[in-house]
Amino acid sequence: MSNIYIASLITLGGLGVLLAVGLSLAARAFHIEKDERLEKVENALPGVNCGACGYAGCAALAEAIVSGEAPVEGCPVGGSATAQAIAEIMGKTATVGEREIAQVLCKGGLKETLTTVEYQGIRSCKAANMISGGTKSCQYGCLGLGDCAVACPFDAIIMNDNGLPEIDPDKCTGCGECVRACPRNIITLAPISKRTHIRCSSHDQGKVVRQICSVGCIGCGICAKVCPDGAIRLENNLAIMDYEKCTNCGQCAEKCPTGTIEFSEALIKAV
Amino acid sequence: MRALTFKQGIYLEENKSLTSDKPLKKANRPAQVIIPMQQHIGVPCKPLVKRGDHVEMGEKIGDIDGFISAPIHSSVSGTVKEIRTVLTPEGKLCEAVVIEADPEDRLAEGISVKGDLEDLNPDEIIDIIREAGIVGMGGATFPTHAKLRIPEGKKAEYLIINGAECEPFLTGDYRLMLERPEDIVYGMKALMKAIGAEKGIIGIEDNKADAIETLQRAIDGENNIEIKKLITKYPQGGERMLIKAILNREVPAKGLPIDVGVIVNNIATAVAVADAIKKGMPLIERSVTISGPGVNEPVNLIFRIGTPIEELLAEAGGLTADAAKVIIGGPMTGCAQPHLEISATKGTTGIIVLTENEVEAFDPQPCIRCARCVDACPELLMPLNLARYAEHGMLEQLEKYQVLSCIECGICSYVCPARRPLLHNIRIGKAEVMAKNASSKQG
């Protein structure tokens, strides 16, 4: 009887040893060098797969960073914390600018501008913009159908009752999806510390702006004159802010006759 | 004569009887004309005049170097009041010259007979056409001279004159066929000479029997011009459909009619060419149909380019109380207008006003895959799929399924029982594919 036990033990045990040796040999023969940093970098990335970096998703960016194709600051969404973490893994130093968030350069909602047509087409700014120059009296302003809100992967944009997008600065990561989605190019990315924004994109003449919008830039140029830092220039009837030069003094907003320039002191204190 | 046609397409209620028996009437001279610098496909013109300048009727006021463009002329004599940005009927912004008209209608210098057609060579004819600012007047406004320069290695066998006028309501071309048949034939001969075509064909839908008869009399004795009767069907006037119906030739996707040896021009274009050669008159006026249930007295007018549509509507007895939507062009391919300060241009074939009854609000329902749009599409595309791809930004699929072949006739949206905005979506998709192609060409 005991012979059977012994025979089966030897057979199975022997097989086990043989296969184990085979496996360990195979593991050595077919060994692939896998960069352990890949997993770490991927874990350090936000993992939302928003695509703002230009790659297919976070995994693709991680691969590109590890292979040296993309810089360690490659993720525009994660900000400095992510860049630092990745830089540490990669053994490099990250140079990250200030965090940027989206700013809507139009204040002309339903109350401030006229809606000229009854639009019955597809509920999308892109679609409305293709028909007779849009639905509002202003050819440059926000159409209010919320393509930016739909495009935002972080739920940072909501359309308010006045038909304008509102950006939640805490949720906005500066990925720029809304900037690309807006058919009128009125959204821009600005450093988060900047508190003065010229919220108008109209190149219409002042006279025309006065007729169609109560908060539009009339191109009077007062802001450019009072700005001590030369941060504002007039271009084709519109004041344009150079955020690099702006020092948040707020004098332009004080002088702006139409209230186009917005200056939020409270937020500065919070920062 | 057997009536010819193409595959698919649909029959639309014609609504042409509102204006078909109304002769073309000269519209009053407007107090001021607003002449947009973009009245053609291609590069916009630059104004050649400035504020305070005096201009004569027929004087060139806008031009630009560039193959795909056509100069623009003043349609009145008077003083330039200002140059400002305006909205074109197509919904684009461009510069416009505003001219205060005086009642004298002084003709500009150099407006005179350009010579006998027999003595002009093809290049001279094409130059006359360019200088006269003639564009495709069926509504697409492609510069005619650019079309007439046959690319090397190609040969134009046929000139087809498009007298289909397949859009409902429009009767401007029909009236031209009845009232100016000799000029049509003259313009046709000039165009044939310009492109070296041996044969000319006029295609006319069979709902315009008297136009066929009139033109038949006009071409009596011309052995290289004939008339073909076409079945009344939309979009019979699309040039690809027209060529298929008349010659049974298929213009390749992404190709042009010249690839199958054909050049197509509109009836009104032929008349403009005749005017340019016979009188030396540049394109400063054209025919328009003002019709629809929303106007009191539908009319056919000859108006000066740059007349505000408000004044033209006033000549049609004004808007009715329940007028709701003003469309420039035909009801299928035209553009709804946001206000009435738009000026009528070289491409304004009609001004159609619909009432609240006709203008229903869309409430799109889900697609039920009935394929009515597929059965009707004259380009044999699958609009339901294209619209879906466009909605989801699937550019590769859009290209694969030939979104660029769409001629934007609007049949798909018209037949859709779920009232889905198919064409609107496809247009977005088309624009995106074209933008992508343009940027990849640059980069």
# chains A, B, ... in the order shown; residues from 1 in each chain; ligands from 1
call {"tool": "residues_around", "arguments": {"residues": "range 43-46 of chain A", "least_positions_apart": "5", "cutoff": "9 Å", "atoms": "only C-alpha atoms", "output": "list in words"}}
result
Leu38, Cys58, Ala59, Leu61, Ala62, Cys75, Val77, Gly78, Thr82, Ala83, Ala85 and Ile86 of chain A
call {"tool": "closest_atom_pairs", "arguments": {"of": "chain B", "to": "chain A", "cutoff": "10 Å", "atoms": "only C-alpha atoms", "output": "CSV"}}
result
residue,atom,partner,partner_atom,distance
B:Arg84,CA,A:Gln205,CA,9.6
B:Thr85,CA,A:Asp204,CA,8.5
B:Leu87,CA,A:Gly133,CA,7.6
B:Thr88,CA,A:Ser132,CA,8.2
B:Pro89,CA,A:Ser132,CA,7.3
B:Glu90,CA,A:Ser132,CA,6.2
B:Gly91,CA,A:Ser132,CA,3.6
B:Lys92,CA,A:Gly133,CA,6.2
B:Leu93,CA,A:Gly133,CA,7.8
B:Ala324,CA,A:Glu118,CA,9.9
B:Lys325,CA,A:Glu118,CA,9.7
B:Cys335,CA,A:Ser132,CA,7.1
B:Ala336,CA,A:Ser132,CA,6.9
B:Gln337,CA,A:Ser132,CA,6.2
B:Pro338,CA,A:Val117,CA,5.5
B:His339,CA,A:Thr116,CA,7.6
B:Glu360,CA,A:Gln120,CA,9.2
B:Ala361,CA,A:Gln120,CA,6.3
B:Phe362,CA,A:Gln120,CA,6.4
B:Asp363,CA,A:Gln120,CA,8.8
B:Pro364,CA,A:Ile122,CA,9.2
B:Arg420,CA,A:Ile122,CA,9.2
B:Pro421,CA,A:Ile122,CA,7.0
B:Leu422,CA,A:Ile122,CA,9.8
B:His424,CA,A:Ala127,CA,7.1
B:Asn425,CA,A:Ala127,CA,7.5
B:Arg427,CA,A:Ala127,CA,8.6
B:Ile428,CA,A:Ala127,CA,6.6
B:Ala431,CA,A:Met130,CA,9.5
call {"tool": "residues_around", "arguments": {"residues": "range 205-213 of chain B", "least_positions_apart": "3", "cutoff": "6 Å", "atoms": "only C-alpha atoms", "output": "number ranges by chain"}}
result
B: 164, 177-178, 216, 229-232
call {"tool": "select_by_dssp", "arguments": {"residues": "range 90-189 of chain A", "states": "helix (DSSP H, G or I)", "output": "list in words"}}
result
Met90, Cys125, Lys126, Ala127, Ala128, Asn129, Asp147, Cys148, Ala149, Val150, Ala151, Glu177, Cys178, Val179, Arg180 and Ala181 of chain A
call {"tool": "residues_around", "arguments": {"residues": "range 43-56 of chain B", "least_positions_apart": "4", "cutoff": "7 Å", "atoms": "only C-alpha atoms", "output": "list of chain:residue names"}}
result
B:Met37, B:Gln38, B:Ile61, B:Gly62, B:Asp63, B:Ile64, B:Ile68, B:Ser69, B:Pro71, B:Ser74, B:Val76, B:Ser77, B:Gly78, B:Thr79, B:Val80, B:Lys81, B:Glu82, B:Ile83, B:Arg106, B:Leu107, B:Ala108
call {"tool": "residues_around", "arguments": {"residues": "Leu120 in chain B", "least_positions_apart": "4", "cutoff": "12 Å", "atoms": "only C-alpha atoms", "output": "JSON, numbers by chain"}}
result
{"B": [113, 114, 115, 116, 124, 125, 126, 127, 128, 189, 190, 191, 193, 194, 277, 278]}
call {"tool": "closest_residue", "arguments": {"among": "B:Leu283, B:Val260, B:Leu24, B:Leu395", "to": "Glu179 in chain B", "atoms": "only C-alpha atoms"}}
result
B:Leu24
call {"tool": "residues_around", "arguments": {"residues": "Gly57 in chain A", "least_positions_apart": "3", "cutoff": "12 Å", "atoms": "only C-alpha atoms", "output": "list of chain:residue names"}}
result
A:Glu42, A:Leu45, A:Pro46, A:Gly47, A:Val48, A:Asn49, A:Cys50, A:Gly51, A:Ala52, A:Cys53, A:Gly54, A:Ala60, A:Leu61, A:Ala62, A:Glu63, A:Ala64, A:Gly74, A:Cys75
call {"tool": "write_last_selection", "arguments": {"atoms": "C-alpha atoms", "output": "tab-separated table (two decimals), in the first residue's frame"}}
result
chain	number	residue	atom	x	y	z
A	42	GLU	CA	1.67	57.12	-13.20
A	45	LEU	CA	-0.25	61.91	-12.00
A	46	PRO	CA	-3.84	63.02	-11.30
A	47	GLY	CA	-5.35	60.09	-13.18
A	48	VAL	CA	-8.24	62.00	-14.77
A	49	ASN	CA	-7.11	61.23	-18.34
A	50	CYS	CA	-8.20	64.68	-19.46
A	51	GLY	CA	-5.73	64.80	-22.32
A	52	ALA	CA	-4.68	68.38	-21.65
A	53	CYS	CA	-1.01	67.36	-21.89
A	54	GLY	CA	-1.49	66.28	-25.48
A	60	ALA	CA	0.67	57.64	-21.95
A	61	LEU	CA	2.13	60.77	-20.40
A	62	ALA	CA	3.90	58.72	-17.71
A	63	GLU	CA	5.51	56.64	-20.43
A	64	ALA	CA	6.57	59.77	-22.29
A	74	GLY	CA	4.35	67.76	-18.63
A	75	CYS	CA	1.08	67.64	-16.72
call {"tool": "residues_around", "arguments": {"residues": "Ser20 in chain B", "least_positions_apart": "5", "cutoff": "10 Å", "atoms": "only C-alpha atoms", "output": "ChimeraX atom specification"}}
result
/B:15,169-172,174-175,208,289,298-300
call {"tool": "closest_atom_pairs", "arguments": {"of": "range 111-183 of chain A", "to": "range 96-101 of chain A", "cutoff": "8 Å", "atoms": "only C-alpha atoms", "output": "JSON lines"}}
result
{"residue": "A:Pro169", "atom": "CA", "partner": "A:Ile101", "partner_atom": "CA", "distance": 6.7}
{"residue": "A:Cys172", "atom": "CA", "partner": "A:Ile101", "partner_atom": "CA", "distance": 5.9}
{"residue": "A:Thr173", "atom": "CA", "partner": "A:Ile101", "partner_atom": "CA", "distance": 6.1}
{"residue": "A:Gly174", "atom": "CA", "partner": "A:Ile101", "partner_atom": "CA", "distance": 4.4}
call {"tool": "select_by_dssp", "arguments": {"residues": "range 50-99 of chain B", "states": "strand (DSSP E)", "output": "PyMOL selection string"}}
result
chain B and resi 54-55+60-63+72-73+78-87+93-99
